[in-house]
Amino acid sequence: MGTRERQFWKKEYGTGFKDGIPIALGYLSVSFSVGILAVSSGFTVFQSALMSLCNVTSAGQFAGIRVIAAGGAILELILTQLIINLRYALMSLSLSQKLSEKVTIRQRLLIAFANTDEIFAVAMSHAKSLTFPYMLGLQTLPILGWTLGTALGGLAGQLLPDAVANALSVALYGMFIAVVVPAAKKRFPVLWIVILTALLSCVIAYVPVFEGISDGMSIIICTVAASAAGAFLFPVKEEK
Amino acid sequence: MIYIDILIMALVTYLIRMIPLAVFHKKIENRFARSFLYYVPYSCLTAMTIPAVFSATGHLASAAAGVAAAVLLAFRGRGLVTVAAGSCGVVFIVEQFFL
């Protein structure tokens with residue numbers, strides 16, 4: 001590796017690493033509750049942490065733990081993961097368009113591993129096109145935080161007082177809001193799409209006819225419908 | 001058996017994330033598809049936040065205050081950490097002193 005390349009790696013990895021700190025802190029608290037749930041559902045602490053290390057997905061793990069604890073069939077397990085996590089396919093597709101052209105196929109296979117909601121959100125709000133070392137740096141601490149938090153939650157049980165746990169539970173939503181609001185402020189179509197999505201999402205959540213639609217499915221429906229409406233009404237200008 | 005279950009979960013989740021990244025190596029030219037993908041992050045993040053955030057804390061009121069704080073901070077151009085921490089702080093304060 002030449003000096004210039006080493007400098008490039010150091011700079012990009014470092015930037016990603018720093019951007020991952022708030023995600024990792026949020027994960028530490030959220031995964032705490034994953035650990036508590038897993039252990040109380042019959043997983044050992046090691047199994048809980050292993051699940052977090054190789055899945056890195058909140059909603060999917062919550063649902064998976066419930067299916068496994070209830071002795072559900074493998075097909076049911078596969079289907080819940082597929083539906084709840086299908087939104088990642090949309091995110092990966094979107095992310096693929098922002099990756100630098102220098103990112104190789106092998107590097108893509110690695111980056112895909114921890115393309116979580118929050119990592120995706122931060123990556124998409126990054127000002128430049130995404131490099132491999134940046135993405136590695138961005139994922140490092142969150143993966144560790146997610147795994148460590150699960151283990152700690154499993155070990156310590158309900159150690160956090162409710163007031164602290166409640167407060168920490170909005171951290172991840174706060175990060176989502178921090179990505180969406182500035183874009184909605186700057187561009188009218190984004191504001192329009194955000195409002196449409198929120199309305200759709202509330203309708204699915206509260207109108208009794210849609211009771212059977214799971215949270216994961218609702219996210220997919222709202223995302224596809226609102227983004228398609230946006231693309232139809234406000235096509236983005238060709239960049240050149 | 002739990003290990004097999006964990007492995008299956010991990011495999012399904014990984015394939016969902018990996019296939020689109022591996023397949024779409026080139027920039028997509030179609031204008032509708034490009035516009036669609038441009039809007040995906042914002043609609044997806046919104047769909048995950050609303051209405052789930054309002055039942056994330058102990059009370060609707062503290063959650064609403066947390067959201068309001070986050071929106072205000074983000075509107076004023078504050079960074080991710082400030083917005084997230086500010087939102088947590090407001091939820092904590094509201095639950096301690098007003099509920």
# chains A, B, ... in the order shown; residues from 1 in each chain; ligands from 1
call {"tool": "select_by_dssp", "arguments": {"residues": "region 1-98 of chain B", "states": "alpha helix (DSSP H)", "output": "NGL selection string"}}
result
:B and (2-23 or 31-49 or 60-75 or 80-97)
call {"tool": "residues_around", "arguments": {"residues": "region 9-13 of chain A", "least_positions_apart": "2", "cutoff": "6 Å", "atoms": "only C-alpha atoms", "output": "PyMOL selection string"}}
result
chain A and resi 6-7+15-17+133-134+137
call {"tool": "write_last_selection", "arguments": {"atoms": "N, CA, C and O atoms", "output": "PDB file, in the first residue's frame"}}
result
ATOM      1  N   ARG A   6      -2.435   4.853   1.965  1.00  0.00           N
ATOM      2  CA  ARG A   6      -2.543   4.668   3.406  1.00  0.00           C
ATOM      3  C   ARG A   6      -3.199   5.890   4.041  1.00  0.00           C
ATOM      4  O   ARG A   6      -4.034   5.773   4.926  1.00  0.00           O
ATOM      5  N   GLN A   7      -2.827   7.071   3.555  1.00  0.00           N
ATOM      6  CA  GLN A   7      -3.430   8.297   4.084  1.00  0.00           C
ATOM      7  C   GLN A   7      -4.917   8.353   3.800  1.00  0.00           C
ATOM      8  O   GLN A   7      -5.720   8.731   4.650  1.00  0.00           O
ATOM      9  N   THR A  15     -12.973   9.106   9.580  1.00  0.00           N
ATOM     10  CA  THR A  15     -14.227   9.867   9.471  1.00  0.00           C
ATOM     11  C   THR A  15     -15.422   8.956   9.747  1.00  0.00           C
ATOM     12  O   THR A  15     -16.328   9.303  10.510  1.00  0.00           O
ATOM     13  N   GLY A  16     -15.424   7.785   9.141  1.00  0.00           N
ATOM     14  CA  GLY A  16     -16.513   6.832   9.348  1.00  0.00           C
ATOM     15  C   GLY A  16     -16.608   6.402  10.802  1.00  0.00           C
ATOM     16  O   GLY A  16     -17.686   6.347  11.384  1.00  0.00           O
ATOM     17  N   PHE A  17     -15.450   6.136  11.386  1.00  0.00           N
ATOM     18  CA  PHE A  17     -15.382   5.694  12.781  1.00  0.00           C
ATOM     19  C   PHE A  17     -16.046   6.720  13.699  1.00  0.00           C
ATOM     20  O   PHE A  17     -16.845   6.391  14.564  1.00  0.00           O
ATOM     21  N   PRO A 133     -13.316   2.174   2.976  1.00  0.00           N
ATOM     22  CA  PRO A 133     -12.859   2.401   4.359  1.00  0.00           C
ATOM     23  C   PRO A 133     -13.826   3.239   5.195  1.00  0.00           C
ATOM     24  O   PRO A 133     -13.972   2.991   6.389  1.00  0.00           O
ATOM     25  N   TYR A 134     -14.500   4.200   4.559  1.00  0.00           N
ATOM     26  CA  TYR A 134     -15.486   4.985   5.314  1.00  0.00           C
ATOM     27  C   TYR A 134     -16.576   4.077   5.857  1.00  0.00           C
ATOM     28  O   TYR A 134     -16.940   4.145   7.035  1.00  0.00           O
ATOM     29  N   GLY A 137     -15.318   1.908   8.691  1.00  0.00           N
ATOM     30  CA  GLY A 137     -15.187   2.711   9.904  1.00  0.00           C
ATOM     31  C   GLY A 137     -16.539   2.972  10.528  1.00  0.00           C
ATOM     32  O   GLY A 137     -16.717   2.849  11.740  1.00  0.00           O
TER      33      GLY A 137
END
call {"tool": "interface_residues", "arguments": {"of": "chain B", "to": "chain A", "cutoff": "6 Å", "atoms": "only C-alpha atoms", "output": "PyMOL selection string"}}
result
chain B and resi 6+10+14+16-18+20-21+27+32+35-37+39-40+42-45+47+49-51+57+70+74-75+80-81+83-84+88+91-92
call {"tool": "write_last_selection", "arguments": {"atoms": "N, CA, C and O atoms", "output": "tab-separated table (two decimals), in the first residue's frame"}}
result
chain	number	residue	atom	x	y	z
B	6	ILE	N	-30.49	-19.17	14.85
B	6	ILE	CA	-29.72	-17.92	14.76
B	6	ILE	C	-29.04	-17.81	13.40
B	6	ILE	O	-29.04	-16.76	12.75
B	10	ALA	N	-29.61	-15.01	10.47
B	10	ALA	CA	-28.48	-14.21	9.99
B	10	ALA	C	-28.37	-14.32	8.47
B	10	ALA	O	-28.13	-13.33	7.78
B	14	TYR	N	-28.76	-11.29	5.87
B	14	TYR	CA	-27.60	-10.91	5.07
B	14	TYR	C	-27.94	-10.91	3.57
B	14	TYR	O	-27.57	-9.97	2.86
B	16	ILE	N	-30.77	-10.41	2.11
B	16	ILE	CA	-31.62	-9.27	1.79
B	16	ILE	C	-30.76	-8.01	1.61
B	16	ILE	O	-30.99	-7.20	0.72
B	17	ARG	N	-29.76	-7.88	2.46
B	17	ARG	CA	-28.91	-6.68	2.39
B	17	ARG	C	-27.89	-6.77	1.26
B	17	ARG	O	-27.50	-5.75	0.69
B	18	MET	N	-27.45	-7.99	0.99
B	18	MET	CA	-26.32	-8.16	0.07
B	18	MET	C	-26.72	-8.11	-1.40
B	18	MET	O	-26.04	-7.47	-2.21
B	20	PRO	N	-29.05	-6.65	-3.38
B	20	PRO	CA	-29.14	-5.39	-4.14
B	20	PRO	C	-27.80	-4.68	-4.28
B	20	PRO	O	-27.53	-4.08	-5.32
B	21	LEU	N	-26.96	-4.76	-3.25
B	21	LEU	CA	-25.65	-4.11	-3.31
B	21	LEU	C	-24.74	-4.77	-4.32
B	21	LEU	O	-23.94	-4.12	-5.00
B	27	LYS	N	-24.52	2.79	-12.08
B	27	LYS	CA	-25.53	3.80	-11.80
B	27	LYS	C	-26.79	3.48	-12.59
B	27	LYS	O	-26.72	3.15	-13.77
B	32	PHE	N	-37.21	7.62	-13.44
B	32	PHE	CA	-38.19	7.30	-12.40
B	32	PHE	C	-37.53	6.50	-11.27
B	32	PHE	O	-37.70	6.80	-10.09
B	35	SER	N	-35.30	8.72	-9.19
B	35	SER	CA	-36.09	9.58	-8.31
B	35	SER	C	-36.64	8.77	-7.14
B	35	SER	O	-36.59	9.19	-5.99
B	36	PHE	N	-37.16	7.59	-7.47
B	36	PHE	CA	-37.70	6.69	-6.44
B	36	PHE	C	-36.66	6.43	-5.36
B	36	PHE	O	-36.90	6.60	-4.17
B	37	LEU	N	-35.46	6.05	-5.78
B	37	LEU	CA	-34.41	5.72	-4.82
B	37	LEU	C	-33.92	6.94	-4.04
B	37	LEU	O	-33.51	6.84	-2.89
B	39	TYR	N	-35.86	9.26	-2.99
B	39	TYR	CA	-36.83	9.53	-1.93
B	39	TYR	C	-36.91	8.41	-0.88
B	39	TYR	O	-37.45	8.63	0.21
B	40	VAL	N	-36.40	7.21	-1.21
B	40	VAL	CA	-36.52	6.07	-0.28
B	40	VAL	C	-36.01	6.36	1.14
B	40	VAL	O	-36.73	6.09	2.10
B	42	TYR	N	-35.81	9.03	2.94
B	42	TYR	CA	-36.66	9.92	3.72
B	42	TYR	C	-37.99	9.27	4.07
B	42	TYR	O	-38.47	9.37	5.21
B	43	SER	N	-38.61	8.59	3.11
B	43	SER	CA	-39.90	7.97	3.42
B	43	SER	C	-39.71	6.77	4.35
B	43	SER	O	-40.49	6.57	5.27
B	44	CYS	N	-38.62	6.02	4.16
B	44	CYS	CA	-38.39	4.85	5.00
B	44	CYS	C	-38.14	5.27	6.46
B	44	CYS	O	-38.71	4.71	7.38
B	45	LEU	N	-37.30	6.27	6.65
B	45	LEU	CA	-37.00	6.74	8.01
B	45	LEU	C	-38.26	7.32	8.66
B	45	LEU	O	-38.51	7.10	9.84
B	47	ALA	N	-41.40	6.44	7.95
B	47	ALA	CA	-42.31	5.33	8.25
B	47	ALA	C	-41.87	4.57	9.50
B	47	ALA	O	-42.70	4.06	10.25
B	49	THR	N	-40.31	5.98	12.04
B	49	THR	CA	-40.43	6.86	13.20
B	49	THR	C	-41.89	7.09	13.60
B	49	THR	O	-42.22	7.07	14.77
B	50	ILE	N	-42.72	7.33	12.58
B	50	ILE	CA	-44.12	7.66	12.86
B	50	ILE	C	-45.03	6.50	12.48
B	50	ILE	O	-44.91	5.99	11.37
B	51	PRO	N	-45.89	6.02	13.35
B	51	PRO	CA	-46.17	6.54	14.69
B	51	PRO	C	-45.39	5.85	15.82
B	51	PRO	O	-45.63	6.16	16.98
B	57	THR	N	-41.70	5.64	24.62
B	57	THR	CA	-41.37	5.98	26.01
B	57	THR	C	-42.51	5.54	26.92
B	57	THR	O	-43.41	4.84	26.49
B	70	ALA	N	-36.47	17.19	18.95
B	70	ALA	CA	-35.62	16.71	17.87
B	70	ALA	C	-35.88	17.49	16.58
B	70	ALA	O	-34.94	17.90	15.89
B	74	ALA	N	-33.12	19.82	14.80
B	74	ALA	CA	-32.73	19.48	13.43
B	74	ALA	C	-33.04	20.63	12.48
B	74	ALA	O	-32.27	20.91	11.56
B	75	PHE	N	-34.17	21.31	12.72
B	75	PHE	CA	-34.55	22.44	11.88
B	75	PHE	C	-33.51	23.55	11.98
B	75	PHE	O	-33.25	24.26	11.02
B	80	LEU	N	-26.32	15.14	14.24
B	80	LEU	CA	-26.99	13.92	14.70
B	80	LEU	C	-26.95	13.74	16.22
B	80	LEU	O	-27.97	13.48	16.85
B	81	VAL	N	-25.75	13.89	16.78
B	81	VAL	CA	-25.59	13.61	18.21
B	81	VAL	C	-26.38	14.60	19.05
B	81	VAL	O	-27.07	14.22	20.00
B	83	VAL	N	-29.00	16.35	18.22
B	83	VAL	CA	-30.44	16.12	18.08
B	83	VAL	C	-30.87	14.91	18.92
B	83	VAL	O	-31.83	14.98	19.69
B	84	ALA	N	-30.13	13.80	18.81
B	84	ALA	CA	-30.48	12.59	19.55
B	84	ALA	C	-30.40	12.83	21.06
B	84	ALA	O	-31.32	12.49	21.81
B	88	CYS	N	-33.43	12.90	23.94
B	88	CYS	CA	-33.42	12.05	25.15
B	88	CYS	C	-33.55	12.90	26.41
B	88	CYS	O	-34.30	12.57	27.33
B	91	VAL	N	-37.10	14.12	26.96
B	91	VAL	CA	-37.97	13.03	27.44
B	91	VAL	C	-37.74	12.80	28.93
B	91	VAL	O	-38.68	12.69	29.72
B	92	PHE	N	-36.47	12.77	29.33
B	92	PHE	CA	-36.12	12.54	30.73
B	92	PHE	C	-36.70	13.63	31.63
B	92	PHE	O	-37.35	13.36	32.63
call {"tool": "atom_distance", "arguments": {"atom1": "CA of Leu99 (chain B)", "atom2": "CA of Ala64 (chain B)"}}
result
13.0 Å
call {"tool": "residues_around", "arguments": {"residues": "region 140-156 of chain A", "least_positions_apart": "6", "cutoff": "6 Å", "atoms": "only C-alpha atoms", "output": "MDAnalysis selection string"}}
result
chainID A and resid 23:24 27:28 31:32 34:36 39 45 49 52:53
call {"tool": "write_last_selection", "arguments": {"atoms": "N, CA, C and O atoms", "output": "compact mmCIF listing (two decimals), in the first residue's frame"}}
result
# COMPACT_ATOMS: atom_id res chain seq x y z
N ILE A 23 -24.19 6.36 16.77
CA ILE A 23 -24.98 5.15 16.48
C ILE A 23 -24.68 4.09 17.53
O ILE A 23 -25.58 3.45 18.09
N ALA A 24 -23.38 3.90 17.81
CA ALA A 24 -22.97 2.87 18.77
C ALA A 24 -23.56 3.15 20.14
O ALA A 24 -24.01 2.23 20.83
N TYR A 27 -27.12 2.22 20.07
CA TYR A 27 -27.25 0.77 20.02
C TYR A 27 -27.03 0.13 21.38
O TYR A 27 -27.67 -0.84 21.73
N LEU A 28 -26.06 0.67 22.13
CA LEU A 28 -25.76 0.11 23.44
C LEU A 28 -27.04 0.03 24.29
O LEU A 28 -27.28 -0.96 24.96
N SER A 31 -29.87 -2.34 22.38
CA SER A 31 -29.55 -3.77 22.39
C SER A 31 -29.62 -4.33 23.80
O SER A 31 -29.76 -5.53 24.00
N PHE A 32 -29.51 -3.46 24.80
CA PHE A 32 -29.70 -3.86 26.18
C PHE A 32 -31.04 -4.58 26.34
O PHE A 32 -31.13 -5.64 26.94
N VAL A 34 -32.72 -5.94 23.93
CA VAL A 34 -32.70 -7.19 23.17
C VAL A 34 -32.14 -8.31 24.05
O VAL A 34 -32.67 -9.43 24.09
N GLY A 35 -31.06 -8.00 24.78
CA GLY A 35 -30.45 -8.98 25.67
C GLY A 35 -31.39 -9.44 26.76
O GLY A 35 -31.50 -10.64 27.06
N ILE A 36 -32.10 -8.46 27.35
CA ILE A 36 -33.05 -8.80 28.41
C ILE A 36 -34.13 -9.74 27.88
O ILE A 36 -34.43 -10.77 28.47
N VAL A 39 -32.66 -13.38 26.98
CA VAL A 39 -32.37 -14.24 28.14
C VAL A 39 -33.66 -14.68 28.83
O VAL A 39 -33.81 -15.84 29.22
N VAL A 45 -26.66 -16.01 27.58
CA VAL A 45 -26.06 -14.72 27.28
C VAL A 45 -25.21 -14.82 26.01
O VAL A 45 -25.24 -13.95 25.13
N ALA A 49 -25.75 -12.70 22.50
CA ALA A 49 -24.73 -11.85 21.92
C ALA A 49 -24.37 -12.32 20.51
O ALA A 49 -24.15 -11.52 19.61
N SER A 52 -26.89 -11.14 18.06
CA SER A 52 -26.72 -9.72 17.74
C SER A 52 -25.53 -9.49 16.82
O SER A 52 -25.59 -8.69 15.89
N LEU A 53 -24.44 -10.23 17.08
CA LEU A 53 -23.23 -10.06 16.27
C LEU A 53 -23.48 -10.44 14.82
O LEU A 53 -22.96 -9.79 13.91
